[in-house]
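Everything below belongs to work_29.txt, which stores compact mmCIF, C-alpha atoms.
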# COMPACT_ATOMS: atom_id res chain seq x y z
CA MET R 7 133.72 233.26 59.00
CA THR R 8 132.59 229.80 57.98
CA GLY R 9 128.99 230.70 58.79
CA ASP R 10 129.39 233.74 56.60
CA ALA R 11 130.82 231.67 53.77
CA LEU R 12 127.94 229.22 54.00
CA ALA R 13 125.38 232.00 53.98
CA ILE R 14 126.98 233.51 50.90
CA ALA R 15 127.15 230.12 49.18
CA TRP R 16 123.50 229.42 49.95
CA ARG R 17 122.43 232.87 48.77
CA THR R 18 124.37 232.45 45.53
CA VAL R 19 122.96 229.03 44.71
CA SER R 20 119.37 229.81 45.64
CA LEU R 21 119.30 233.14 43.83
CA ALA R 22 120.84 231.51 40.73
CA ALA R 23 118.15 228.82 40.91
CA LEU R 24 115.51 231.53 41.20
CA ALA R 25 117.06 233.37 38.25
CA THR R 26 116.80 230.14 36.25
CA LEU R 27 113.11 229.81 37.12
CA VAL R 28 112.57 233.44 36.12
CA MET R 29 114.32 233.04 32.76
CA LEU R 30 112.70 229.71 31.82
CA PRO R 31 109.23 230.91 30.70
CA PRO R 32 110.42 233.78 28.50
CA GLY R 33 113.45 231.76 27.40
CA ILE R 34 111.37 228.80 26.24
CA ALA R 35 108.88 231.10 24.53
CA LEU R 36 111.62 233.01 22.71
CA ALA R 37 113.40 229.79 21.73
CA TRP R 38 110.21 228.34 20.29
CA VAL R 39 109.37 231.50 18.37
CA LEU R 40 112.88 231.65 16.88
CA ALA R 41 112.84 227.94 16.01
CA ARG R 42 109.35 227.77 14.53
CA ARG R 43 108.13 231.14 13.29
CA GLN R 44 109.11 233.46 10.48
CA PHE R 45 108.23 237.10 11.09
CA PRO R 46 109.61 240.56 10.34
CA GLY R 47 112.14 241.62 12.94
CA ARG R 48 113.21 238.08 13.69
CA ALA R 49 116.89 238.86 13.06
CA VAL R 50 116.67 241.93 15.30
CA LEU R 51 115.07 239.95 18.12
CA GLU R 52 117.72 237.27 17.78
CA THR R 53 120.46 239.89 18.04
CA VAL R 54 118.94 241.71 21.00
CA ILE R 55 118.67 238.45 22.96
CA SER R 56 122.32 237.69 22.31
CA LEU R 57 123.60 241.16 23.23
CA PRO R 58 124.41 240.30 26.86
CA LEU R 59 126.69 237.51 25.60
CA VAL R 60 128.87 239.98 23.74
CA MET R 61 128.60 243.25 25.64
CA PRO R 62 130.65 243.82 28.79
CA PRO R 63 128.46 242.63 31.69
CA VAL R 64 128.87 245.98 33.45
CA ALA R 65 127.31 247.65 30.41
CA THR R 66 124.34 245.31 30.68
CA GLY R 67 124.25 246.19 34.37
CA LEU R 68 124.10 249.90 33.55
CA MET R 69 121.15 249.32 31.21
CA LEU R 70 119.38 247.38 33.95
CA ILE R 71 119.88 250.34 36.29
CA TRP R 72 118.21 252.61 33.74
CA VAL R 73 115.25 250.30 33.35
CA PHE R 74 114.81 249.03 36.89
CA GLY R 75 116.16 251.95 38.91
CA ARG R 76 113.75 254.07 40.94
CA ARG R 77 113.31 256.49 38.06
CA GLY R 78 113.30 253.79 35.36
CA PRO R 79 110.27 252.85 33.27
CA VAL R 80 109.87 249.56 35.14
CA GLY R 81 111.60 250.33 38.43
CA GLY R 82 109.54 253.53 38.95
CA PRO R 83 106.09 251.91 39.07
CA LEU R 84 107.52 249.00 41.07
CA SER R 85 108.96 251.29 43.72
CA GLN R 86 105.58 253.06 44.02
CA LEU R 87 104.19 249.65 44.88
CA GLY R 88 106.85 249.42 47.54
CA ILE R 89 109.03 246.99 45.60
CA ASP R 90 112.63 248.05 45.30
CA VAL R 91 114.81 246.15 42.89
CA MET R 92 118.20 247.86 42.93
CA PHE R 93 120.60 246.76 45.67
CA THR R 94 118.30 243.98 46.90
CA TRP R 95 118.29 240.24 46.28
CA ARG R 96 115.87 240.92 43.43
CA ALA R 97 118.65 242.70 41.55
CA VAL R 98 120.88 239.64 41.91
CA VAL R 99 118.13 237.49 40.40
CA LEU R 100 117.50 240.02 37.64
CA ALA R 101 121.16 240.23 36.65
CA GLY R 102 121.54 236.45 36.67
CA ALA R 103 118.40 235.97 34.58
CA VAL R 104 119.34 238.56 31.97
CA MET R 105 122.89 237.24 31.67
CA GLY R 106 121.78 233.60 31.55
CA LEU R 107 118.89 234.09 29.11
CA PRO R 108 120.93 234.08 25.88
CA LEU R 109 122.51 230.75 26.76
CA LEU R 110 119.18 229.25 27.74
CA VAL R 111 117.58 230.45 24.49
CA ARG R 112 120.39 229.08 22.32
CA ALA R 113 120.34 225.55 23.71
CA THR R 114 116.55 225.40 23.94
CA ARG R 115 116.12 226.68 20.41
CA ALA R 116 118.48 223.96 19.14
CA GLY R 117 116.33 221.47 21.06
CA PHE R 118 113.15 222.67 19.33
CA GLU R 119 114.84 222.70 15.94
CA GLN R 120 115.70 219.03 16.34
CA VAL R 121 112.06 218.08 16.88
CA ASP R 122 110.64 216.65 13.66
CA ARG R 123 107.79 218.96 12.64
CA ARG R 124 106.01 215.91 11.36
CA TYR R 125 105.06 214.92 14.91
CA GLU R 126 103.60 218.36 15.52
CA GLU R 127 101.60 218.26 12.27
CA ILE R 128 100.21 214.80 12.94
CA ALA R 129 99.31 215.72 16.53
CA GLY R 130 97.31 218.60 15.03
CA THR R 131 95.37 216.26 12.75
CA LEU R 132 94.54 214.19 15.84
CA GLY R 133 92.66 217.18 17.22
CA ALA R 134 95.32 218.71 19.44
CA SER R 135 95.26 222.50 19.63
CA PRO R 136 98.56 224.33 18.99
CA ARG R 137 98.89 224.81 22.74
CA ARG R 138 98.43 221.10 23.44
CA VAL R 139 100.83 220.20 20.63
CA PHE R 140 103.42 222.43 22.26
CA LEU R 141 102.92 220.97 25.74
CA THR R 142 102.64 217.30 24.78
CA ILE R 143 104.87 217.02 21.69
CA SER R 144 107.30 219.90 21.13
CA LEU R 145 108.34 220.54 24.72
CA PRO R 146 108.82 216.89 25.80
CA LEU R 147 110.74 216.08 22.62
CA ALA R 148 112.94 219.15 23.13
CA LYS R 149 113.51 218.43 26.80
CA ARG R 150 117.22 217.68 26.48
CA GLY R 151 117.78 221.04 24.88
CA VAL R 152 115.69 222.77 27.56
CA LEU R 153 117.56 220.97 30.33
CA ALA R 154 120.94 221.76 28.82
CA GLY R 155 119.86 225.38 28.42
CA ALA R 156 118.61 225.62 31.99
CA LEU R 157 121.92 224.24 33.28
CA LEU R 158 123.90 226.69 31.17
CA GLY R 159 121.71 229.57 32.30
CA PHE R 160 122.01 228.48 35.92
CA SER R 161 125.80 228.23 35.65
CA ARG R 162 125.97 231.67 34.09
CA ALA R 163 123.84 233.12 36.88
CA LEU R 164 125.96 231.34 39.48
CA GLY R 165 129.16 233.01 38.33
CA GLU R 166 127.68 236.35 37.30
CA PHE R 167 129.77 239.31 38.47
CA GLY R 168 129.83 242.40 36.26
CA ALA R 169 126.13 243.10 35.99
CA THR R 170 125.51 241.96 39.54
CA ILE R 171 127.95 244.37 41.13
CA MET R 172 126.40 247.22 39.15
CA VAL R 173 122.82 246.51 40.21
CA ALA R 174 123.24 244.84 43.60
CA GLY R 175 126.58 246.15 44.82
CA ALA R 176 128.72 244.31 47.35
CA LEU R 177 126.43 244.80 50.33
CA PRO R 178 126.54 242.13 53.02
CA SER R 179 122.89 241.37 52.19
CA THR R 180 123.35 240.89 48.45
CA ARG R 181 126.89 239.57 48.22
CA THR R 182 127.30 236.48 46.04
CA ILE R 183 130.37 234.23 45.82
CA ALA R 184 131.84 236.09 42.85
CA VAL R 185 131.27 239.49 44.43
CA ALA R 186 132.60 238.26 47.79
CA ILE R 187 135.84 236.96 46.27
CA TYR R 188 136.36 240.31 44.63
CA SER R 189 135.61 242.42 47.69
CA TYR R 190 137.56 240.19 50.12
CA THR R 191 140.57 240.38 47.81
CA GLU R 192 140.18 244.15 47.44
CA THR R 193 140.15 244.61 51.21
CA GLY R 194 143.05 242.21 51.79
CA GLN R 195 141.04 239.48 53.50
CA GLN R 196 143.02 236.69 51.86
CA ALA R 197 141.77 233.84 54.07
CA ALA R 198 138.12 234.72 53.47
CA ALA R 199 138.75 235.03 49.75
CA THR R 200 140.41 231.61 49.73
CA THR R 201 137.49 230.07 51.59
CA MET R 202 135.09 231.51 49.01
CA LEU R 203 137.29 230.17 46.24
CA ALA R 204 137.08 226.68 47.73
CA VAL R 205 133.30 226.96 48.10
CA SER R 206 133.01 228.15 44.52
CA ALA R 207 135.15 225.30 43.21
CA SER R 208 133.11 222.68 45.08
CA ILE R 209 129.80 224.03 43.79
CA ALA R 210 131.13 224.14 40.23
CA PHE R 211 132.49 220.62 40.63
CA GLY R 212 129.14 219.32 41.87
CA ALA R 213 127.19 221.10 39.15
CA LEU R 214 129.44 219.76 36.38
CA LEU R 215 129.28 216.24 37.77
CA LEU R 216 125.50 216.47 37.85
CA SER R 217 125.23 217.86 34.34
CA ASN R 218 127.53 215.18 32.95
CA ARG R 219 125.42 212.50 34.61
CA LEU R 220 122.25 214.03 33.23
CA ALA R 221 123.76 214.17 29.75
CA ALA R 222 124.89 210.55 29.93
CA GLY R 223 121.67 209.29 31.49
CA SER R 224 119.08 210.65 29.13
CA MET F 5 78.55 204.15 4.38
CA THR F 6 79.35 206.28 1.38
CA VAL F 7 80.27 209.92 1.65
CA SER F 8 80.35 212.65 -0.91
CA ILE F 9 83.78 214.14 -1.31
CA THR F 10 84.42 217.36 -3.20
CA LEU F 11 88.02 217.96 -4.13
CA ASP F 12 88.21 220.98 -6.36
CA PHE F 13 91.40 222.90 -5.73
CA SER F 14 94.86 223.85 -6.96
CA LEU F 15 98.10 224.33 -5.22
CA ARG F 16 101.68 224.89 -6.15
CA GLN F 17 104.81 223.68 -4.37
CA GLY F 18 108.01 224.72 -6.07
CA ASP F 19 107.93 223.22 -9.55
CA PHE F 20 105.01 220.96 -8.75
CA ALA F 21 101.45 222.03 -9.47
CA LEU F 22 98.39 220.10 -8.38
CA ASP F 23 95.08 220.82 -10.02
CA ILE F 24 92.18 218.57 -9.23
CA GLN F 25 88.41 218.75 -9.79
CA GLU F 26 86.64 215.72 -8.43
CA GLN F 27 83.21 215.10 -7.01
CA VAL F 28 83.00 211.55 -5.69
CA GLU F 29 80.40 209.52 -3.83
CA ALA F 30 82.04 206.45 -2.36
CA ARG F 31 83.01 204.47 0.68
CA VAL F 32 86.65 203.93 -0.20
CA VAL F 33 88.25 206.22 -2.75
CA ALA F 34 91.63 205.15 -4.05
CA LEU F 35 94.13 207.69 -5.29
CA PHE F 36 96.24 205.78 -7.72
CA GLY F 37 99.32 206.85 -9.61
CA PRO F 38 103.11 206.89 -9.79
CA SER F 39 105.19 208.62 -7.13
CA GLY F 40 105.35 212.34 -7.71
CA SER F 41 101.82 212.42 -9.08
CA GLY F 42 100.49 214.38 -6.10
CA LYS F 43 98.68 211.67 -4.14
CA THR F 44 100.17 212.59 -0.78
CA THR F 45 99.66 216.30 -1.47
CA VAL F 46 95.95 215.64 -1.99
CA LEU F 47 95.76 213.84 1.38
CA GLU F 48 97.66 216.58 3.18
CA SER F 49 95.41 219.22 1.67
CA ILE F 50 92.37 217.37 2.99
CA ALA F 51 94.03 217.09 6.42
CA GLY F 52 94.82 220.80 6.38
CA LEU F 53 98.59 220.46 6.34
CA ARG F 54 98.97 222.06 2.89
CA SER F 55 97.15 225.18 1.83
CA PRO F 56 95.53 225.29 -1.60
CA GLU F 57 95.52 228.50 -3.59
CA ARG F 58 91.96 228.25 -4.78
CA GLY F 59 88.97 226.00 -4.66
CA VAL F 60 86.85 223.94 -2.32
CA ILE F 61 87.36 220.85 -0.16
CA ARG F 62 84.16 219.40 1.23
CA ILE F 63 83.51 216.11 3.02
CA GLY F 64 79.84 215.22 3.33
CA ASN F 65 78.17 218.47 4.34
CA ARG F 66 81.28 219.91 6.03
CA THR F 67 83.31 222.50 4.16
CA LEU F 68 86.93 222.24 5.21
CA TYR F 69 88.28 224.74 2.72
CA ASP F 70 86.63 227.31 0.54
CA ALA F 71 88.87 230.00 -0.87
CA ASP F 72 86.03 232.28 -2.02
CA GLY F 73 84.06 231.81 1.17
CA GLY F 74 87.13 232.47 3.32
CA VAL F 75 86.92 229.05 4.98
CA ASP F 76 90.10 227.27 6.03
CA VAL F 77 89.41 225.04 9.02
CA PRO F 78 92.64 224.49 11.00
CA PRO F 79 93.89 220.87 11.06
CA HIS F 80 92.95 220.27 14.68
CA GLU F 81 89.32 221.13 14.01
CA ARG F 82 88.92 219.11 10.81
CA HIS F 83 88.26 215.68 12.31
CA ILE F 84 90.22 213.96 9.60
CA GLY F 85 92.21 210.88 10.61
CA TYR F 86 95.48 210.89 8.72
CA VAL F 87 97.90 207.95 8.70
CA PRO F 88 100.96 209.26 6.87
CA GLN F 89 103.34 206.98 5.09
CA ASP F 90 106.02 207.58 7.73
CA LEU F 91 103.38 206.90 10.45
CA ALA F 92 104.94 209.48 12.80
CA LEU F 93 104.25 207.50 15.97
CA PHE F 94 105.21 209.72 18.90
CA PRO F 95 108.56 208.35 20.07
CA HIS F 96 108.20 209.53 23.67
CA MET F 97 104.92 207.74 24.27
CA ASN F 98 104.07 204.07 24.54
CA VAL F 99 101.44 202.37 22.38
CA THR F 100 98.55 203.21 24.69
CA ARG F 101 99.43 206.88 24.93
CA ASN F 102 99.87 207.08 21.18
CA ILE F 103 96.48 205.52 20.56
CA LEU F 104 94.71 207.66 23.16
CA TYR F 105 96.35 210.89 22.05
CA GLY F 106 93.52 211.80 19.72
CA ALA F 107 90.81 210.28 21.88
CA ASN F 108 91.80 212.73 24.61
CA ALA F 109 91.53 215.65 22.26
CA ALA F 110 88.19 214.79 20.67
CA HIS F 111 85.23 216.14 22.54
CA ASP F 112 82.41 214.20 21.01
CA VAL F 113 84.10 210.92 21.22
CA GLY F 114 84.97 208.09 22.12
CA SER F 115 82.72 205.94 23.80
CA ALA F 116 84.82 203.28 25.43
CA ALA F 117 82.96 200.82 23.26
CA ALA F 118 84.25 202.42 20.06
CA LEU F 119 87.77 202.36 21.41
CA GLU F 120 87.45 198.71 22.38
CA GLN F 121 86.14 197.90 18.95
CA VAL F 122 89.14 199.53 17.29
CA LEU F 123 91.58 197.76 19.59
CA SER F 124 89.92 194.44 18.90
CA LEU F 125 89.65 194.96 15.14
CA LEU F 126 93.33 195.72 14.93
CA GLU F 127 94.31 193.13 17.55
CA LEU F 128 96.16 195.67 19.61
CA TRP F 129 95.37 194.47 23.12
CA PRO F 130 98.69 192.60 23.58
CA LEU F 131 100.72 195.62 22.43
CA LEU F 132 99.34 198.34 24.68
CA GLU F 133 102.22 198.53 27.14
CA ARG F 134 104.99 198.42 24.55
CA GLY F 135 107.21 201.29 23.57
CA VAL F 136 106.85 202.27 19.93
CA GLY F 137 110.51 201.41 19.35
CA ASP F 138 109.79 197.76 20.14
CA LEU F 139 107.18 197.25 17.42
CA SER F 140 107.50 195.46 14.11
CA GLY F 141 106.55 197.24 10.88
CA GLY F 142 103.08 195.74 10.78
CA GLU F 143 102.46 196.52 14.44
CA ARG F 144 103.51 200.12 13.95
CA GLN F 145 101.11 200.38 11.05
CA ARG F 146 98.20 199.05 13.14
CA VAL F 147 99.00 201.41 16.02
CA ALA F 148 99.05 204.39 13.67
CA ILE F 149 95.70 203.40 12.16
CA ALA F 150 94.16 202.93 15.62
CA ARG F 151 95.49 206.33 16.71
CA ALA F 152 93.77 207.97 13.75
CA LEU F 153 90.53 206.04 14.29
CA THR F 154 90.11 206.82 17.98
CA THR F 155 89.43 210.46 17.12
CA SER F 156 86.22 209.24 15.42
CA PRO F 157 87.18 210.96 12.20
CA LEU F 158 84.79 212.01 9.44
CA LEU F 159 87.21 210.49 7.00
CA LEU F 160 90.28 208.27 7.26
CA LEU F 161 93.27 209.06 5.04
CA LEU F 162 95.68 206.19 4.47
CA ASP F 163 98.91 206.93 2.63
CA GLU F 164 100.37 203.76 1.11
CA PRO F 165 99.65 201.76 4.25
CA LEU F 166 101.19 198.57 2.87
CA THR F 167 104.08 199.84 0.80
CA ALA F 168 106.73 199.67 3.49
CA LEU F 169 105.81 196.11 4.42
CA ASP F 170 107.11 192.93 2.81
CA SER F 171 104.65 190.84 0.85
CA GLY F 172 103.96 188.34 3.64
CA LEU F 173 103.13 191.13 6.04
CA ARG F 174 101.01 192.90 3.44
CA ALA F 175 98.83 189.87 3.15
CA ARG F 176 98.39 189.92 6.91
CA ILE F 177 97.62 193.67 7.23
CA LEU F 178 95.22 193.93 4.32
CA PRO F 179 92.47 192.00 6.15
CA TYR F 180 92.67 194.54 8.99
CA LEU F 181 92.05 197.33 6.51
CA GLU F 182 89.14 195.42 5.01
CA ARG F 183 87.68 194.98 8.48
CA ILE F 184 87.91 198.70 9.13
CA ARG F 185 86.11 199.33 5.87
CA ASP F 186 83.40 196.76 6.58
CA GLU F 187 82.83 197.16 10.31
CA LEU F 188 83.34 200.85 10.97
CA ALA F 189 81.28 203.50 9.26
CA THR F 190 84.32 205.62 8.48
CA PRO F 191 84.87 206.43 4.81
CA ILE F 192 88.42 206.16 3.55
CA VAL F 193 90.68 207.85 1.03
CA TYR F 194 93.37 205.37 0.23
CA VAL F 195 96.61 206.16 -1.56
CA SER F 196 98.42 203.38 -3.35
CA HIS F 197 100.30 202.48 -6.45
CA ASP F 198 99.41 198.81 -6.16
CA GLU F 199 96.48 197.59 -8.27
CA ALA F 200 95.83 194.47 -6.22
CA GLU F 201 95.44 196.54 -3.07
CA ILE F 202 93.08 198.92 -4.78
CA ARG F 203 91.06 196.06 -6.18
CA ALA F 204 90.70 194.70 -2.65
CA MET F 205 89.87 197.99 -0.95
CA ALA F 206 88.31 200.63 -3.14
CA ASP F 207 85.00 201.22 -4.84
CA TRP F 208 86.10 204.38 -6.63
CA VAL F 209 89.44 205.13 -8.23
CA VAL F 210 90.99 208.46 -9.12
CA GLU F 211 94.11 208.13 -11.20
CA LEU F 212 96.63 210.92 -10.85
CA GLU F 213 99.50 211.85 -13.04
CA LEU F 214 101.73 214.90 -12.62
CA GLY F 215 99.20 216.63 -10.43
CA ARG F 216 96.15 216.01 -12.60
CA ALA F 217 93.43 213.39 -12.57
CA THR F 218 93.61 211.35 -15.74
CA ARG F 219 90.75 209.03 -14.90
CA SER F 220 88.03 208.88 -12.29
CA GLY F 221 85.30 206.32 -11.86
CA PRO F 222 83.99 203.28 -10.07
CA TRP F 223 86.48 200.46 -9.86
CA GLN F 224 86.06 198.43 -13.08
CA GLY F 225 86.64 195.13 -11.40
CA ASP F 226 84.78 191.98 -10.57
CA SER F 227 83.39 193.28 -7.27
Give the structure from the file, written as structure tokens.
Amino acid sequence: MTGDALAIAWRTVSLAALATLVMLPPGIALAWVLARRQFPGRAVLETVISLPLVMPPVATGLMLIWVFGRRGPVGGPLSQLGIDVMFTWRAVVLAGAVMGLPLLVRATRAGFEQVDRRYEEIAGTLGASPRRVFLTISLPLAKRGVLAGALLGFSRALGEFGATIMVAGALPSTRTIAVAIYSYTETGQQAAATTMLAVSASIAFGALLLSNRLAAGS
Amino acid sequence: MTVSITLDFSLRQGDFALDIQEQVEARVVALFGPSGSGKTTVLESIAGLRSPERGVIRIGNRTLYDADGGVDVPPHERHIGYVPQDLALFPHMNVTRNILYGANAAHDVGSAAALEQVLSLLELWPLLERGVGDLSGGERQRVAIARALTTSPLLLLLDEPLTALDSGLRARILPYLERIRDELATPIVYVSHDEAEIRAMADWVVELELGRATRSGPWQGDS
């Protein structure tokens, strides 16, 4: 039982970390575009990114099934390559990344908006290409926003339930803490559910402690 | 070394309109005039940070902007060293990394000797390890000038380099600027509203008022 709980805890944390890594590149790119560029369709893009924040997570999960299922526009080609997404650990990562992305984008975008454009302009006059300006000026100066966003996205992925249970189910091989608490409770395994609750509380406690220290330290 | 500078362009920013037609051959050109006359806008147009609506900007034989010819060189390819009035030292880098920022980006540059010369001219050796937050006003000014010079620019743009400093410090920084003028071959466009400074630095003066040049000619002084 304890070994099981540990395995589930480890799976949850590592897949949430992976989800954070997956959402970082597109999240940072989207945040930068929204903070620094004016273009037609900007408001639509902004809204689409935020949809998972407002929609029921199971609805987001259903859309992911359409897209990444075996007959979906992305899932189809992937499964021909022998890569199945639905009901594997990949689905857990996917659900966490999609649900965490809006939070990551919001905080990161605020980080970029706080960077004085003056530094970016002057770096340009010193011969730095837009790419170098981004890597050496914008991103380092926005790093608190990026870090805060990554922590928020990670936390969201850690606790994700609705979309996850749609795309990954409650299989022993894909079960995360949130899903395990639900299924143990459903099947009357009170002790196991309580153990998972304790594990969940300790992880949350540790993560909050860490994020508060990061916020105070930088 | 003198350079020929063609500034023949217009631009509009809100209510403000700048319209300038100057062809100058000089080593240090001063843009002189009250605040709001468009001095900084001229510098930022040369640096590529503001886009004119028509005209030509040419430094020596390099065309940086030519509306009819479809030329608008992006700022990072202009090789113009710009020291803005707010300096904009990068807060997350120490003095050395600030100064080397442009040297790293320039391809043709930067013999170590040229860098050493700049550091010596501006007496920056003792400051290299400092954070930019620990610098005095005059030190910040020198770091910003060095950062612009280490890109080996075609032209150095200085926007009121002494205005923010008190008079004692001004008297100490001015000789550094004169050294840059005399010992480096880099031509300068110098913005100021202080006649004494212009007398000390410039050999050509363009007077601006409300976005138009009201006078342009060699400095009518005793030099």
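With all atoms listed in the file as the basis for measurement, F:Val87 is the residue among F:Val99, F:Leu126, F:Ile149, F:Val87 that approaches chain R most closely.
Counting only C-alpha atoms, the residue from F:Gly64, F:Gly73, F:Pro78, F:Gly37 that sits nearest to chain R is F:Pro78.
From CA of Leu188 in chain F back to CA of Ala150 in chain F, the distance works out to 12.0 Å.
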Chain R proximity check over F:Tyr105, F:Tyr69, F:Phe20, F:Phe13, using all atoms listed in the file: winner is F:Tyr105
Residues of chain F no more than 12 Å from chain R, counting all atoms listed in the file: send them over as a count of residues only.
56
Would you kindly identify which residues have an atom no farther than 10 Å from (104.7, 201.4, 1.1), using only C-alpha atoms and the file's own coordinates, and write them out as a count of residues only?
15
With a distance cut-off of 8 Å and only C-alpha atoms, select the neighbouring residues of Leu125 in chain F, excluding the residue or stretch itself and same-chain residues fewer than 5 positions from it, and output the selection as a count of residues only.
3
Show me the residues close to (118.5, 246.4, 46.5) - anything with an atom within 12 Å, counting only C-alpha atoms - and format the list as an MDAnalysis selection string.
chainID R and resid 71 74:76 81 85 89:101 170:181
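The spacing separating CA of Met29 in chain R from CA of Arg42 in chain R amounts to 19.6 Å.
Take the candidates F:Val46, F:Leu119, F:Ile192, F:Leu214 and check each one against Ser8 in chain F using only C-alpha atoms; the shortest distance goes to F:Ile192.
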Distance query Phe118 in chain R at most 8 Å, all atoms listed in the file, self and fewer than 4 positions along chain excluded, as a PyMOL selection string
chain R and resi 37-38+41-42+114+144-145+147-148+151
How far is it from CA of Tyr190 in chain R to CA of Ala11 in chain R, in Å with one decimal?
11.5 Å
Within 7 Å of range 27-32 of chain F using all atoms listed in the file, minus same-chain residues under 3 positions, as number ranges by chain
F: 5-11, 191-194, 205-208
F:Ala204, F:Ala118, F:Leu181, F:Val75: which is nearest Gly142 in chain F, counting all atoms listed in the file?
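Between F:Ala204, F:Ala118, F:Leu181, F:Val75, the residue approaching Gly142 in chain F most closely is F:Leu181.
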Got a moment to write range 59-117 of chain R out with C-alpha atoms, as a PDB file, in the first residue's frame?
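New file decode_9.pdb:
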ATOM      1  CA  LEU R  59      -9.299  28.337 -17.139  1.00  0.00           C
ATOM      2  CA  VAL R  60     -13.013  28.899 -17.530  1.00  0.00           C
ATOM      3  CA  MET R  61     -14.377  25.775 -19.180  1.00  0.00           C
ATOM      4  CA  PRO R  62     -15.068  22.652 -17.121  1.00  0.00           C
ATOM      5  CA  PRO R  63     -11.851  20.597 -17.218  1.00  0.00           C
ATOM      6  CA  VAL R  64     -13.766  17.550 -18.458  1.00  0.00           C
ATOM      7  CA  ALA R  65     -14.853  19.589 -21.482  1.00  0.00           C
ATOM      8  CA  THR R  66     -11.229  20.408 -22.197  1.00  0.00           C
ATOM      9  CA  GLY R  67     -10.512  16.702 -21.768  1.00  0.00           C
ATOM     10  CA  LEU R  68     -13.162  15.838 -24.354  1.00  0.00           C
ATOM     11  CA  MET R  69     -11.591  18.240 -26.858  1.00  0.00           C
ATOM     12  CA  LEU R  70      -8.201  16.646 -26.236  1.00  0.00           C
ATOM     13  CA  ILE R  71      -9.730  13.240 -27.000  1.00  0.00           C
ATOM     14  CA  TRP R  72     -10.980  14.582 -30.332  1.00  0.00           C
ATOM     15  CA  VAL R  73      -7.595  15.983 -31.244  1.00  0.00           C
ATOM     16  CA  PHE R  74      -5.271  13.360 -29.823  1.00  0.00           C
ATOM     17  CA  GLY R  75      -7.446  10.248 -30.019  1.00  0.00           C
ATOM     18  CA  ARG R  76      -6.569   7.540 -32.534  1.00  0.00           C
ATOM     19  CA  ARG R  77      -8.846   9.083 -35.124  1.00  0.00           C
ATOM     20  CA  GLY R  78      -7.949  12.684 -34.252  1.00  0.00           C
ATOM     21  CA  PRO R  79      -5.991  15.029 -36.522  1.00  0.00           C
ATOM     22  CA  VAL R  80      -2.910  14.783 -34.304  1.00  0.00           C
ATOM     23  CA  GLY R  81      -3.479  11.454 -32.571  1.00  0.00           C
ATOM     24  CA  GLY R  82      -4.067   9.634 -35.892  1.00  0.00           C
ATOM     25  CA  PRO R  83      -0.648  10.290 -37.449  1.00  0.00           C
ATOM     26  CA  LEU R  84       1.007   9.728 -34.061  1.00  0.00           C
ATOM     27  CA  SER R  85      -0.593   6.317 -33.643  1.00  0.00           C
ATOM     28  CA  GLN R  86       0.581   5.341 -37.142  1.00  0.00           C
ATOM     29  CA  LEU R  87       4.069   6.074 -35.871  1.00  0.00           C
ATOM     30  CA  GLY R  88       3.336   3.731 -33.006  1.00  0.00           C
ATOM     31  CA  ILE R  89       2.858   6.498 -30.454  1.00  0.00           C
ATOM     32  CA  ASP R  90      -0.360   6.247 -28.498  1.00  0.00           C
ATOM     33  CA  VAL R  91      -1.352   9.209 -26.401  1.00  0.00           C
ATOM     34  CA  MET R  92      -4.728   8.370 -24.897  1.00  0.00           C
ATOM     35  CA  PHE R  93      -4.688   6.342 -21.681  1.00  0.00           C
ATOM     36  CA  THR R  94      -0.895   6.484 -21.367  1.00  0.00           C
ATOM     37  CA  TRP R  95       1.401   8.667 -19.274  1.00  0.00           C
ATOM     38  CA  ARG R  96       1.604  10.981 -22.286  1.00  0.00           C
ATOM     39  CA  ALA R  97      -2.059  11.848 -21.822  1.00  0.00           C
ATOM     40  CA  VAL R  98      -1.390  12.818 -18.207  1.00  0.00           C
ATOM     41  CA  VAL R  99       1.371  15.159 -19.374  1.00  0.00           C
ATOM     42  CA  LEU R 100      -0.816  16.555 -22.145  1.00  0.00           C
ATOM     43  CA  ALA R 101      -3.730  17.293 -19.821  1.00  0.00           C
ATOM     44  CA  GLY R 102      -1.452  18.917 -17.242  1.00  0.00           C
ATOM     45  CA  ALA R 103       0.265  21.063 -19.875  1.00  0.00           C
ATOM     46  CA  VAL R 104      -2.963  22.265 -21.466  1.00  0.00           C
ATOM     47  CA  MET R 105      -4.550  23.057 -18.110  1.00  0.00           C
ATOM     48  CA  GLY R 106      -1.426  24.756 -16.767  1.00  0.00           C
ATOM     49  CA  LEU R 107      -0.640  26.790 -19.889  1.00  0.00           C
ATOM     50  CA  PRO R 108      -3.079  29.674 -19.272  1.00  0.00           C
ATOM     51  CA  LEU R 109      -1.616  30.300 -15.826  1.00  0.00           C
ATOM     52  CA  LEU R 110       1.934  30.126 -17.133  1.00  0.00           C
ATOM     53  CA  VAL R 111       1.115  32.555 -19.953  1.00  0.00           C
ATOM     54  CA  ARG R 112      -0.570  35.062 -17.640  1.00  0.00           C
ATOM     55  CA  ALA R 113       2.276  35.347 -15.156  1.00  0.00           C
ATOM     56  CA  THR R 114       4.982  35.268 -17.818  1.00  0.00           C
ATOM     57  CA  ARG R 115       3.238  37.892 -19.891  1.00  0.00           C
ATOM     58  CA  ALA R 116       3.045  40.181 -16.848  1.00  0.00           C
ATOM     59  CA  GLY R 117       6.783  39.568 -16.405  1.00  0.00           C
TER      60      GLY R 117
END
